[in-house]
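Shown below: my_file_35.cif, with mmCIF, C-alpha atoms.
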```
data_start
loop_
_atom_site.group_PDB
_atom_site.id
_atom_site.type_symbol
_atom_site.label_atom_id
_atom_site.label_comp_id
_atom_site.auth_asym_id
_atom_site.auth_seq_id
_atom_site.Cartn_x
_atom_site.Cartn_y
_atom_site.Cartn_z
ATOM 1 C CA MET A 1 15.470 -7.418 10.085
ATOM 2 C CA LYS A 2 13.907 -4.282 8.648
ATOM 3 C CA ILE A 3 11.590 -2.633 11.159
ATOM 4 C CA VAL A 4 9.067 -0.345 9.481
ATOM 5 C CA TYR A 5 7.131 2.109 11.649
ATOM 6 C CA HIS A 6 4.119 3.250 9.670
ATOM 7 C CA CYS A 7 1.301 5.742 10.182
ATOM 8 C CA TYR A 8 -1.061 7.782 7.988
ATOM 9 C CA GLY A 9 1.435 10.248 6.516
ATOM 10 C CA GLY A 10 4.774 8.997 7.830
ATOM 11 C CA ALA A 11 5.544 12.503 9.091
ATOM 12 C CA HIS A 12 4.917 12.558 12.845
ATOM 13 C CA ALA A 13 3.996 9.386 14.754
ATOM 14 C CA SER A 14 6.288 7.021 12.827
ATOM 15 C CA PRO A 15 9.412 9.289 12.831
ATOM 16 C CA THR A 16 8.921 9.809 16.580
ATOM 17 C CA ALA A 17 8.616 6.054 17.202
ATOM 18 C CA ALA A 18 11.672 5.401 15.007
ATOM 19 C CA ALA A 19 13.629 8.054 16.936
ATOM 20 C CA VAL A 20 12.675 6.431 20.250
ATOM 21 C CA HIS A 21 13.728 3.047 18.849
ATOM 22 C CA LEU A 22 17.090 4.458 17.746
ATOM 23 C CA GLY A 23 17.668 6.187 21.073
ATOM 24 C CA LEU A 24 17.448 9.675 19.564
ATOM 25 C CA MET A 25 14.579 10.578 21.896
ATOM 26 C CA PRO A 26 14.288 10.000 25.630
ATOM 27 C CA HIS A 27 11.974 7.149 26.559
ATOM 28 C CA ASN A 28 11.974 7.681 30.295
ATOM 29 C CA ARG A 29 10.831 11.318 30.490
ATOM 30 C CA PHE A 30 8.391 13.619 28.730
ATOM 31 C CA PRO A 31 9.997 15.231 25.641
ATOM 32 C CA ARG A 32 10.502 18.968 25.186
ATOM 33 C CA PHE A 33 9.686 20.922 22.030
ATOM 34 C CA SER A 34 13.415 21.092 21.250
ATOM 35 C CA ASP A 35 13.669 17.275 21.333
ATOM 36 C CA PHE A 36 11.428 17.046 18.281
ATOM 37 C CA GLU A 37 13.819 19.171 16.231
ATOM 38 C CA LYS A 38 16.337 16.328 16.487
ATOM 39 C CA ILE A 39 13.972 13.744 15.015
ATOM 40 C CA PRO A 40 14.949 12.832 11.433
ATOM 41 C CA PHE A 41 12.129 13.387 8.922
ATOM 42 C CA PHE A 42 9.778 14.851 11.576
ATOM 43 C CA ASP A 43 7.097 16.914 9.798
ATOM 44 C CA CYS A 44 8.939 16.458 6.492
ATOM 45 C CA THR A 45 7.264 13.844 4.309
ATOM 46 C CA ILE A 46 4.457 14.843 1.965
ATOM 47 C CA TRP A 47 1.779 12.941 0.025
ATOM 48 C CA ASN A 48 4.018 12.030 -2.924
ATOM 49 C CA GLU A 49 6.354 10.113 -0.602
ATOM 50 C CA HIS A 50 3.605 7.917 0.849
ATOM 51 C CA GLY A 51 4.382 4.255 0.275
ATOM 52 C CA ARG A 52 8.130 4.850 0.326
ATOM 53 C CA LEU A 53 10.311 3.066 2.871
ATOM 54 C CA ILE A 54 12.500 5.823 4.325
ATOM 55 C CA LYS A 55 15.540 4.550 6.180
ATOM 56 C CA VAL A 56 16.101 6.410 9.446
ATOM 57 C CA GLY A 57 19.005 4.408 10.808
ATOM 58 C CA VAL A 58 20.315 1.141 12.181
ATOM 59 C CA ASP A 59 19.752 0.163 15.819
ATOM 60 C CA SER A 60 22.435 -1.260 18.094
ATOM 61 C CA ALA A 61 21.248 -4.799 17.296
ATOM 62 C CA GLY A 62 21.848 -4.234 13.573
ATOM 63 C CA ASN A 63 18.202 -3.875 12.530
ATOM 64 C CA GLU A 64 17.414 -1.289 9.891
ATOM 65 C CA VAL A 65 14.724 1.137 11.037
ATOM 66 C CA TYR A 66 12.381 2.661 8.454
ATOM 67 C CA ILE A 67 9.362 4.928 8.454
ATOM 68 C CA MET A 68 6.503 4.922 5.971
ATOM 69 C CA GLY A 69 3.257 6.764 5.278
ATOM 70 C CA ARG A 70 0.466 4.490 4.061
ATOM 71 C CA ARG A 71 -2.672 6.675 4.314
ATOM 72 C CA ASN A 72 -5.727 4.529 5.098
ATOM 73 C CA SER A 73 -4.501 1.427 3.241
ATOM 74 C CA PRO A 74 -2.028 -0.341 5.562
ATOM 75 C CA LYS A 75 -3.105 -3.832 4.500
ATOM 76 C CA MET A 76 -2.681 -3.112 0.794
ATOM 77 C CA VAL A 77 0.727 -1.405 1.164
ATOM 78 C CA ILE A 78 2.150 -4.063 3.500
ATOM 79 C CA SER A 79 0.947 -6.938 1.294
ATOM 80 C CA LEU A 80 2.380 -5.213 -1.772
ATOM 81 C CA ILE A 81 5.821 -4.624 -0.219
ATOM 82 C CA ARG A 82 6.024 -8.174 1.140
ATOM 83 C CA GLU A 83 4.987 -9.685 -2.191
ATOM 84 C CA LEU A 84 7.327 -7.504 -4.258
ATOM 85 C CA ALA A 85 10.173 -8.399 -1.885
ATOM 86 C CA ARG A 86 9.398 -12.092 -2.397
ATOM 87 C CA GLN A 87 9.227 -11.726 -6.179
ATOM 88 C CA ASN A 88 12.583 -9.958 -6.219
ATOM 89 C CA GLY A 89 14.343 -12.721 -4.344
ATOM 90 C CA GLY A 90 14.003 -11.152 -0.901
ATOM 91 C CA GLU A 91 12.500 -12.573 2.250
ATOM 92 C CA PRO A 92 9.062 -11.096 3.078
ATOM 93 C CA ASP A 93 9.477 -11.940 6.757
ATOM 94 C CA ASP A 94 12.529 -9.660 6.899
ATOM 95 C CA TYR A 95 10.062 -6.780 7.061
ATOM 96 C CA TYR A 96 8.452 -6.173 10.432
ATOM 97 C CA PHE A 97 5.672 -3.589 10.203
ATOM 98 C CA VAL A 98 4.633 -1.621 13.261
ATOM 99 C CA ASN A 99 1.425 0.430 13.175
ATOM 100 C CA CYS A 100 1.963 3.762 14.959
ATOM 101 C CA LEU A 101 -1.514 5.104 14.392
ATOM 102 C CA GLN A 102 -2.965 5.341 17.865
ATOM 103 C CA ILE A 103 -6.111 6.611 19.489
ATOM 104 C CA PHE A 104 -7.887 9.644 18.056
ATOM 105 C CA ASN A 105 -5.725 12.709 18.710
ATOM 106 C CA PRO A 106 -7.438 15.828 17.256
ATOM 107 C CA VAL A 107 -4.466 18.098 18.060
ATOM 108 C CA MET A 108 -2.134 15.900 16.030
ATOM 109 C CA ILE A 109 -4.623 15.592 13.179
ATOM 110 C CA THR A 110 -5.252 19.356 13.005
ATOM 111 C CA GLY A 111 -1.551 20.214 13.175
ATOM 112 C CA GLY A 112 -0.496 17.463 10.802
ATOM 113 C CA TYR A 113 -3.126 18.365 8.221
ATOM 114 C CA SER A 114 -2.289 22.073 8.435
ATOM 115 C CA SER A 115 1.442 21.512 8.086
ATOM 116 C CA ARG A 116 1.562 18.672 5.536
ATOM 117 C CA ALA A 117 -1.606 18.967 3.481
ATOM 118 C CA MET A 118 -2.207 22.724 3.602
ATOM 119 C CA GLY A 119 1.412 23.793 3.806
ATOM 120 C CA TRP A 120 0.796 26.047 6.850
ATOM 121 C CA VAL A 121 4.015 24.957 8.519
ATOM 122 C CA LYS A 122 4.322 27.935 10.904
ATOM 123 C CA PHE A 123 0.914 27.169 12.388
ATOM 124 C CA GLY A 124 0.811 23.407 11.929
ATOM 125 C CA ARG A 125 4.252 22.364 13.156
ATOM 126 C CA PRO A 126 3.928 23.642 16.758
ATOM 127 C CA VAL A 127 0.405 22.231 16.961
ATOM 128 C CA VAL A 128 1.402 18.792 15.666
ATOM 129 C CA THR A 129 4.478 18.795 17.906
ATOM 130 C CA PHE A 130 2.226 19.417 20.911
ATOM 131 C CA GLY A 131 -0.108 16.668 19.688
ATOM 132 C CA THR A 132 2.810 14.254 19.349
ATOM 133 C CA MET A 133 3.908 15.153 22.902
ATOM 134 C CA ILE A 134 0.452 14.090 24.113
ATOM 135 C CA SER A 135 0.765 10.798 22.233
ATOM 136 C CA PHE A 136 4.404 10.267 23.207
ATOM 137 C CA PRO A 137 3.783 7.743 26.032
ATOM 138 C CA ILE A 138 1.689 5.632 23.638
ATOM 139 C CA LEU A 139 4.439 5.727 21.011
ATOM 140 C CA VAL A 140 7.048 4.704 23.602
ATOM 141 C CA ALA A 141 4.791 1.813 24.609
ATOM 142 C CA ILE A 142 4.486 0.754 20.938
ATOM 143 C CA VAL A 143 8.276 0.786 20.539
ATOM 144 C CA LYS A 144 8.793 -1.107 23.791
ATOM 145 C CA LYS A 145 6.290 -3.730 22.657
ATOM 146 C CA THR A 146 8.118 -4.025 19.311
ATOM 147 C CA VAL A 147 11.471 -4.446 21.054
ATOM 148 C CA ARG A 148 9.946 -7.097 23.325
ATOM 149 C CA ASN A 149 8.275 -8.950 20.430
ATOM 150 C CA LEU A 150 11.454 -9.018 18.398
ATOM 151 C CA ARG A 151 13.581 -9.853 21.438
ATOM 152 C CA ILE A 152 16.015 -7.112 20.557
ATOM 153 C CA ASN A 153 18.503 -6.204 23.226
ATOM 154 C CA LEU A 154 18.029 -2.440 23.407
ATOM 155 C CA PRO A 155 18.242 -0.201 26.501
ATOM 156 C CA LEU A 156 14.515 0.485 26.005
ATOM 157 C CA ASP A 157 13.668 -3.053 26.966
ATOM 158 C CA GLN A 158 14.687 -2.516 30.587
ATOM 159 C CA MET B 1 -10.438 -9.913 -16.740
ATOM 160 C CA ALA B 2 -8.010 -7.634 -18.576
ATOM 161 C CA GLY B 3 -5.174 -10.054 -17.875
ATOM 162 C CA TRP B 4 -7.094 -12.929 -19.433
ATOM 163 C CA ILE B 5 -7.932 -10.812 -22.479
ATOM 164 C CA HIS B 6 -4.230 -9.937 -22.778
ATOM 165 C CA LEU B 7 -3.374 -13.638 -22.702
ATOM 166 C CA ASN B 8 -5.976 -14.328 -25.417
ATOM 167 C CA GLN B 9 -8.007 -16.486 -23.052
ATOM 168 C CA LEU B 10 -10.977 -14.207 -23.665
ATOM 169 C CA PRO B 11 -11.942 -12.650 -27.023
ATOM 170 C CA VAL B 12 -11.432 -8.988 -27.929
ATOM 171 C CA ASP B 13 -13.944 -8.858 -30.780
ATOM 172 C CA ARG B 14 -17.074 -10.201 -29.079
ATOM 173 C CA VAL B 15 -18.637 -10.317 -25.636
ATOM 174 C CA PRO B 16 -18.008 -13.683 -23.942
ATOM 175 C CA THR B 17 -20.826 -15.675 -22.418
ATOM 176 C CA ILE B 18 -21.415 -15.635 -18.660
ATOM 177 C CA LYS B 19 -20.203 -19.246 -18.587
ATOM 178 C CA GLN B 20 -16.923 -18.181 -20.230
ATOM 179 C CA LEU B 21 -16.525 -15.279 -17.802
ATOM 180 C CA ASN B 22 -17.151 -17.485 -14.804
ATOM 181 C CA ALA B 23 -14.745 -20.085 -16.112
ATOM 182 C CA THR B 24 -11.822 -17.676 -15.998
ATOM 183 C CA LEU B 25 -9.995 -18.766 -12.915
ATOM 184 C CA GLU B 26 -9.368 -15.372 -11.376
ATOM 185 C CA PHE B 27 -13.005 -14.333 -11.563
ATOM 186 C CA ALA B 28 -13.564 -16.169 -8.324
ATOM 187 C CA PRO B 29 -14.779 -14.452 -5.148
ATOM 188 C CA GLU B 30 -11.926 -15.586 -2.906
ATOM 189 C CA LYS B 31 -9.399 -13.793 -5.128
ATOM 190 C CA TYR B 32 -11.014 -10.450 -4.348
ATOM 191 C CA SER B 33 -9.669 -10.486 -0.824
ATOM 192 C CA LYS B 34 -6.033 -10.443 -1.983
ATOM 193 C CA VAL B 35 -5.668 -6.671 -2.049
ATOM 194 C CA GLY B 36 -2.123 -5.530 -2.751
ATOM 195 C CA ILE B 37 -0.768 -8.906 -3.869
ATOM 196 C CA PRO B 38 0.358 -9.020 -7.515
ATOM 197 C CA GLN B 39 -0.757 -12.338 -8.947
ATOM 198 C CA PHE B 40 0.904 -14.024 -11.893
ATOM 199 C CA LEU B 41 -1.445 -15.031 -14.719
ATOM 200 C CA GLY B 42 0.908 -16.260 -17.429
ATOM 201 C CA ARG B 43 3.145 -15.192 -20.309
ATOM 202 C CA ASP B 44 1.910 -13.512 -23.471
ATOM 203 C CA GLU B 45 3.049 -14.109 -27.056
ATOM 204 C CA LEU B 46 5.970 -11.640 -26.549
ATOM 205 C CA ASN B 47 7.050 -13.583 -23.445
ATOM 206 C CA ASN B 48 5.987 -10.749 -21.133
ATOM 207 C CA GLU B 49 4.910 -11.900 -17.690
ATOM 208 C CA ILE B 50 1.349 -10.804 -16.975
ATOM 209 C CA PHE B 51 0.232 -10.015 -13.440
ATOM 210 C CA PHE B 52 -2.864 -8.440 -12.003
ATOM 211 C CA VAL B 53 -3.097 -6.542 -8.755
ATOM 212 C CA ASP B 54 -5.935 -4.943 -6.821
ATOM 213 C CA PHE B 55 -4.868 -1.668 -5.180
ATOM 214 C CA GLY B 56 -8.139 -1.338 -3.271
ATOM 215 C CA ASN B 57 -9.435 2.201 -2.890
ATOM 216 C CA ASP B 58 -6.086 3.944 -3.363
ATOM 217 C CA THR B 59 -4.610 3.167 -6.796
ATOM 218 C CA ASN B 60 -2.278 6.155 -6.600
ATOM 219 C CA LEU B 61 -0.765 4.957 -3.298
ATOM 220 C CA GLY B 62 -0.415 1.412 -4.624
ATOM 221 C CA LEU B 63 1.436 2.629 -7.719
ATOM 222 C CA GLN B 64 3.671 4.914 -5.644
ATOM 223 C CA THR B 65 4.527 2.059 -3.264
ATOM 224 C CA ALA B 66 5.294 -0.344 -6.105
ATOM 225 C CA CYS B 67 7.414 2.221 -7.975
ATOM 226 C CA PHE B 68 9.438 3.231 -4.896
ATOM 227 C CA PHE B 69 10.079 -0.396 -3.995
ATOM 228 C CA LEU B 70 10.948 -1.579 -7.504
ATOM 229 C CA LYS B 71 13.209 1.430 -8.074
ATOM 230 C CA GLU B 72 15.319 0.433 -5.083
ATOM 231 C CA HIS B 73 15.181 -3.347 -5.284
ATOM 232 C CA SER B 74 14.648 -4.185 -8.942
ATOM 233 C CA ASN B 75 14.631 -2.655 -12.414
ATOM 234 C CA LEU B 76 11.585 -0.396 -12.433
ATOM 235 C CA LEU B 77 11.701 -0.096 -16.230
ATOM 236 C CA GLU B 78 10.993 -3.820 -16.577
ATOM 237 C CA TRP B 79 7.546 -3.235 -15.079
ATOM 238 C CA LYS B 80 4.649 -1.564 -16.849
ATOM 239 C CA PHE B 81 1.485 -0.790 -14.934
ATOM 240 C CA PHE B 82 -1.823 -0.320 -16.727
ATOM 241 C CA ASP B 83 -4.735 1.044 -14.752
ATOM 242 C CA ILE B 84 -7.835 -0.651 -16.160
ATOM 243 C CA ARG B 85 -10.854 1.474 -15.359
ATOM 244 C CA ILE B 86 -14.483 0.888 -16.179
ATOM 245 C CA GLN B 87 -17.559 2.990 -15.697
ATOM 246 C CA PRO B 88 -19.412 0.844 -13.141
ATOM 247 C CA ASN B 89 -22.961 0.108 -14.300
ATOM 248 C CA THR B 90 -25.917 -0.869 -12.108
ATOM 249 C CA TYR B 91 -25.126 -4.597 -12.345
ATOM 250 C CA ILE B 92 -21.515 -4.072 -11.231
ATOM 251 C CA ARG B 93 -22.576 -1.838 -8.328
ATOM 252 C CA PHE B 94 -25.209 -4.339 -7.245
ATOM 253 C CA GLY B 95 -22.748 -7.238 -7.693
ATOM 254 C CA ARG B 96 -20.208 -5.482 -5.459
ATOM 255 C CA MET B 97 -22.902 -4.936 -2.857
ATOM 256 C CA LEU B 98 -23.734 -8.653 -2.893
ATOM 257 C CA TYR B 99 -20.034 -9.485 -2.463
ATOM 258 C CA MET B 100 -19.899 -7.165 0.514
ATOM 259 C CA LEU B 101 -22.943 -8.922 1.959
ATOM 260 C CA LYS B 102 -21.013 -12.220 1.590
ATOM 261 C CA LEU B 103 -23.420 -13.403 -1.109
ATOM 262 C CA ALA B 104 -20.563 -14.311 -3.436
ATOM 263 C CA ASN B 105 -22.441 -16.728 -5.695
ATOM 264 C CA HIS B 106 -25.196 -14.251 -6.480
ATOM 265 C CA GLY B 107 -22.642 -11.452 -6.651
ATOM 266 C CA GLN B 108 -20.621 -13.278 -9.268
ATOM 267 C CA LYS B 109 -23.669 -13.871 -11.483
ATOM 268 C CA VAL B 110 -24.726 -10.227 -11.321
ATOM 269 C CA MET B 111 -21.150 -9.025 -11.763
ATOM 270 C CA SER B 112 -20.688 -11.232 -14.859
ATOM 271 C CA ARG B 113 -23.770 -9.640 -16.385
ATOM 272 C CA GLY B 114 -22.352 -6.190 -15.570
ATOM 273 C CA ILE B 115 -18.973 -7.018 -17.059
ATOM 274 C CA GLN B 116 -20.681 -8.192 -20.248
ATOM 275 C CA SER B 117 -22.234 -4.723 -20.575
ATOM 276 C CA CYS B 118 -18.903 -2.942 -20.373
ATOM 277 C CA TYR B 119 -16.692 -5.669 -21.817
ATOM 278 C CA PHE B 120 -15.509 -3.604 -24.780
ATOM 279 C CA GLN B 121 -14.326 -0.847 -22.396
ATOM 280 C CA ILE B 122 -11.918 -3.384 -20.866
ATOM 281 C CA ALA B 123 -10.962 -4.967 -24.192
ATOM 282 C CA GLY B 124 -10.181 -1.549 -25.704
ATOM 283 C CA GLN B 125 -7.829 -0.700 -22.861
ATOM 284 C CA VAL B 126 -6.090 -4.078 -23.201
ATOM 285 C CA ILE B 127 -5.571 -3.548 -26.950
ATOM 286 C CA ARG B 128 -3.952 -0.143 -26.241
ATOM 287 C CA ALA B 129 -1.818 -1.672 -23.463
ATOM 288 C CA LYS B 130 -0.605 -4.417 -25.808
ATOM 289 C CA GLU B 131 0.294 -1.844 -28.464
ATOM 290 C CA LEU B 132 2.267 0.118 -25.869
ATOM 291 C CA CYS B 133 4.033 -3.076 -24.720
ATOM 292 C CA LYS B 134 5.105 -3.710 -28.335
ATOM 293 C CA SER B 135 6.370 -0.131 -28.702
ATOM 294 C CA PHE B 136 8.417 -0.473 -25.476
ATOM 295 C CA GLY B 137 10.061 -3.518 -27.051
#
```

Could the structure of this file be written out as structure tokens, please?
Amino acid sequence: MKIVYHCYGGAHASPTAAAVHLGLMPHNRFPRFSDFEKIPFFDCTIWNEHGRLIKVGVDSAGNEVYIMGRRNSPKMVISLIRELARQNGGEPDDYYFVNCLQIFNPVMITGGYSSRAMGWVKFGRPVVTFGTMISFPILVAIVKKTVRNLRINLPLDQ
Amino acid sequence: MAGWIHLNQLPVDRVPTIKQLNATLEFAPEKYSKVGIPQFLGRDELNNEIFFVDFGNDTNLGLQTACFFLKEHSNLLEWKFFDIRIQPNTYIRFGRMLYMLKLANHGQKVMSRGIQSCYFQIAGQVIRAKELCKSFG
């Protein structure tokens, strides 16, 4: 199974969810600023990588975990990937897409836009990190729901 | 529409009638909801497989997604994407509005009339695409 965490830009919410899934982030306590430095691809992807499945790792159950930015067109991108997989001899149902875009978080939007779209990393990265900290419990809940739905035996499920 | 012109199901030298346009299978309202799904139309005289795909409001993202995926899982060079663009006229805009209002039958009639008005824009792009296909071998 390929588990794809996707959000608008694939730079903040989805890498954080993927890191929680892979056990790279704590799921039972609030994260610190330093925890976000350990997240692969956090605040890294830019607009020309949107639509690309970026492999973050493999979980203990053998599932490949990916992240992806899909702007405001999740339906189009997901349909396209599934259909292209089918046409190339793959199994569309091997891809499990998880939407990480949550409730309106202006701190995350301001920081993410400043860092990724404007290139103001020094200002944007701390702001978006703080915004992601606010959304962290929601992201953990999304990952836990995914683990439950897929009946994967991960420590998160407990 | 461009796919059917490519497959010689619609003429390139004259504007087809509304009946002809409506008769083309893919010019049916239900097909418009399949955003992001490449749909096979047939093979042309050079044995190329012809697909059409609707990338919705973000053509650039659709192309990026397709290219990234095909690069990793297939031979990207086997695929050629042609972005068929038309200058939407009043009929097309009004037709789209009717589709959005779930008035598909009326929408199709108005849209057909709009497509007739800009038919040569589409046909011209198909002719160039076919020439490019030949040059790619």

Please identify every residue of chain B that has at least one atom no farther than 8 Å from an atom of chain A, counting only C-alpha atoms, and for each give the shortest atom pair and the distance in Å to one decimal, arranged by chain then increasing number, as a tab-separated table.
```
residue	atom	partner	partner_atom	distance
B:Val35	CA	A:Met76	CA	5.4
B:Gly36	CA	A:Met76	CA	4.3
B:Ile37	CA	A:Leu80	CA	5.3
B:Pro38	CA	A:Glu83	CA	7.1
B:Phe55	CA	A:Met76	CA	6.5
B:Gly56	CA	A:Met76	CA	7.0
B:Asn57	CA	A:Ser73	CA	7.9
B:Asp58	CA	A:Ser73	CA	7.2
B:Leu61	CA	A:Gly51	CA	6.3
B:Gly62	CA	A:Val77	CA	6.5
B:Gln64	CA	A:Gly51	CA	6.0
B:Thr65	CA	A:Gly51	CA	4.2
B:Ala66	CA	A:Leu80	CA	7.1
B:Phe68	CA	A:Arg52	CA	5.6
B:Phe69	CA	A:Arg52	CA	7.1
B:Leu70	CA	A:Leu84	CA	7.7
B:His73	CA	A:Asn88	CA	7.2
B:Ser74	CA	A:Asn88	CA	6.7
```

Discussion item. Given the PyMOL selection byres ((chain B and resi 49) around 12) and the file above, list the residues it selects as a list of chain:residue names.
Written reply: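 Applied to this file, the PyMOL selection byres ((chain B and resi 49) around 12) selects B:Gly3, B:His6, B:Leu7, B:Pro38, B:Gln39, B:Phe40, B:Leu41, B:Gly42, B:Arg43, B:Asp44, B:Glu45, B:Leu46, B:Asn47, B:Asn48, B:Ile50, B:Phe51, B:Phe52, B:Glu78, B:Trp79, B:Lys80, B:Phe81, B:Cys133.
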
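With only C-alpha atoms as the atoms that count, the residue of B:Cys67, B:Ile86, B:Leu76, B:Leu98 with the shortest distance to Ala2 (chain B) is B:Ile86.
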
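Computed from the coordinates, the CA of Asn22 (chain B) to CA of Gly114 (chain B) distance equals 12.5 Å.
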
Discussion item. Translate the PyMOL selection byres ((chain A and resi 2-17) around 9) into a concrete residue list for this structure, as a count of residues only.
Written reply: 58

Worksheet item: So what do you get for CA of Leu154 (chain A) versus CA of His27 (chain A), distance-wise?
Response: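 If I compute the distance from CA of Leu154 (chain A) to CA of His27 (chain A), I get 11.8 Å.
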
Worksheet entry | Evaluate the PyMOL selection byres ((chain B and resi 92) around 12) and report residues as a ChimeraX atom specification | /B:86-91,93-99,106-119

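With CA of Ile127 (chain B) on one side and CA of Ala23 (chain B) on the other, the separation reads 21.8 Å.
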
Can you list, as an mmCIF file with C-alpha atoms, keeping the file's coordinate frame, every protein, DNA or RNA residue that comes within 9 Å of Met133 (chain A) when you count all atoms listed in the file, leaving out same-chain residues fewer than 5 positions away?
```cif
data_model
loop_
_atom_site.group_PDB
_atom_site.id
_atom_site.type_symbol
_atom_site.label_atom_id
_atom_site.label_comp_id
_atom_site.auth_asym_id
_atom_site.auth_seq_id
_atom_site.Cartn_x
_atom_site.Cartn_y
_atom_site.Cartn_z
ATOM 1 C CA PHE A 30 8.391 13.619 28.730
ATOM 2 C CA PRO A 31 9.997 15.231 25.641
ATOM 3 C CA ARG A 32 10.502 18.968 25.186
ATOM 4 C CA PHE A 33 9.686 20.922 22.030
ATOM 5 C CA VAL A 128 1.402 18.792 15.666
#
```

Start from the incomplete input, build all heavy atoms for region 85-91 of chain B, and deliver everything as a CSV table (one decimal), keeping the file's coordinate frame.
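Result written to result.csv:
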```
chain,number,residue,atom,x,y,z
B,85,ARG,N,-9.7,0.9,-16.0
B,85,ARG,CA,-10.9,1.5,-15.4
B,85,ARG,C,-12.1,1.2,-16.2
B,85,ARG,O,-12.1,1.3,-17.4
B,85,ARG,CB,-10.6,3.0,-15.2
B,85,ARG,CG,-9.7,3.3,-14.1
B,85,ARG,CD,-9.4,4.8,-14.0
B,85,ARG,NE,-8.3,5.0,-13.1
B,85,ARG,CZ,-8.6,5.5,-11.9
B,85,ARG,NH1,-9.8,5.8,-11.5
B,85,ARG,NH2,-7.6,5.7,-11.0
B,86,ILE,N,-13.2,1.0,-15.5
B,86,ILE,CA,-14.5,0.9,-16.2
B,86,ILE,C,-15.5,1.8,-15.5
B,86,ILE,O,-15.3,2.1,-14.3
B,86,ILE,CB,-15.0,-0.6,-16.2
B,86,ILE,CG1,-15.0,-1.2,-14.8
B,86,ILE,CG2,-14.3,-1.4,-17.2
B,86,ILE,CD1,-15.8,-2.5,-14.7
B,87,GLN,N,-16.5,2.2,-16.3
B,87,GLN,CA,-17.6,3.0,-15.7
B,87,GLN,C,-18.5,2.0,-15.1
B,87,GLN,O,-19.2,1.2,-15.8
B,87,GLN,CB,-18.2,3.8,-16.8
B,87,GLN,CG,-19.0,5.0,-16.4
B,87,GLN,CD,-18.1,6.1,-16.0
B,87,GLN,OE1,-17.1,6.4,-16.6
B,87,GLN,NE2,-18.4,6.7,-14.9
B,88,PRO,N,-18.6,1.9,-13.7
B,88,PRO,CA,-19.4,0.8,-13.1
B,88,PRO,C,-20.9,1.0,-13.5
B,88,PRO,O,-21.4,2.1,-13.3
B,88,PRO,CB,-19.2,1.0,-11.6
B,88,PRO,CG,-18.2,2.1,-11.4
B,88,PRO,CD,-18.0,2.8,-12.7
B,89,ASN,N,-21.5,0.0,-14.0
B,89,ASN,CA,-23.0,0.1,-14.3
B,89,ASN,C,-23.7,-0.4,-13.1
B,89,ASN,O,-23.2,-0.9,-12.1
B,89,ASN,CB,-23.3,-0.6,-15.6
B,89,ASN,CG,-22.8,-2.1,-15.6
B,89,ASN,OD1,-22.8,-2.7,-14.6
B,89,ASN,ND2,-22.2,-2.5,-16.7
B,90,THR,N,-25.1,-0.4,-13.2
B,90,THR,CA,-25.9,-0.9,-12.1
B,90,THR,C,-25.6,-2.3,-11.7
B,90,THR,O,-25.6,-2.6,-10.5
B,90,THR,CB,-27.4,-0.8,-12.5
B,90,THR,OG1,-27.6,0.5,-13.2
B,90,THR,CG2,-28.3,-0.8,-11.3
B,91,TYR,N,-25.4,-3.2,-12.7
B,91,TYR,CA,-25.1,-4.6,-12.3
B,91,TYR,C,-23.8,-4.7,-11.5
B,91,TYR,O,-23.8,-5.5,-10.5
B,91,TYR,CB,-25.0,-5.4,-13.6
B,91,TYR,CG,-26.3,-5.7,-14.4
B,91,TYR,CD1,-26.5,-5.1,-15.6
B,91,TYR,CD2,-27.2,-6.6,-13.8
B,91,TYR,CE1,-27.7,-5.3,-16.2
B,91,TYR,CE2,-28.4,-6.9,-14.5
B,91,TYR,CZ,-28.6,-6.2,-15.7
B,91,TYR,OH,-29.8,-6.5,-16.4
```
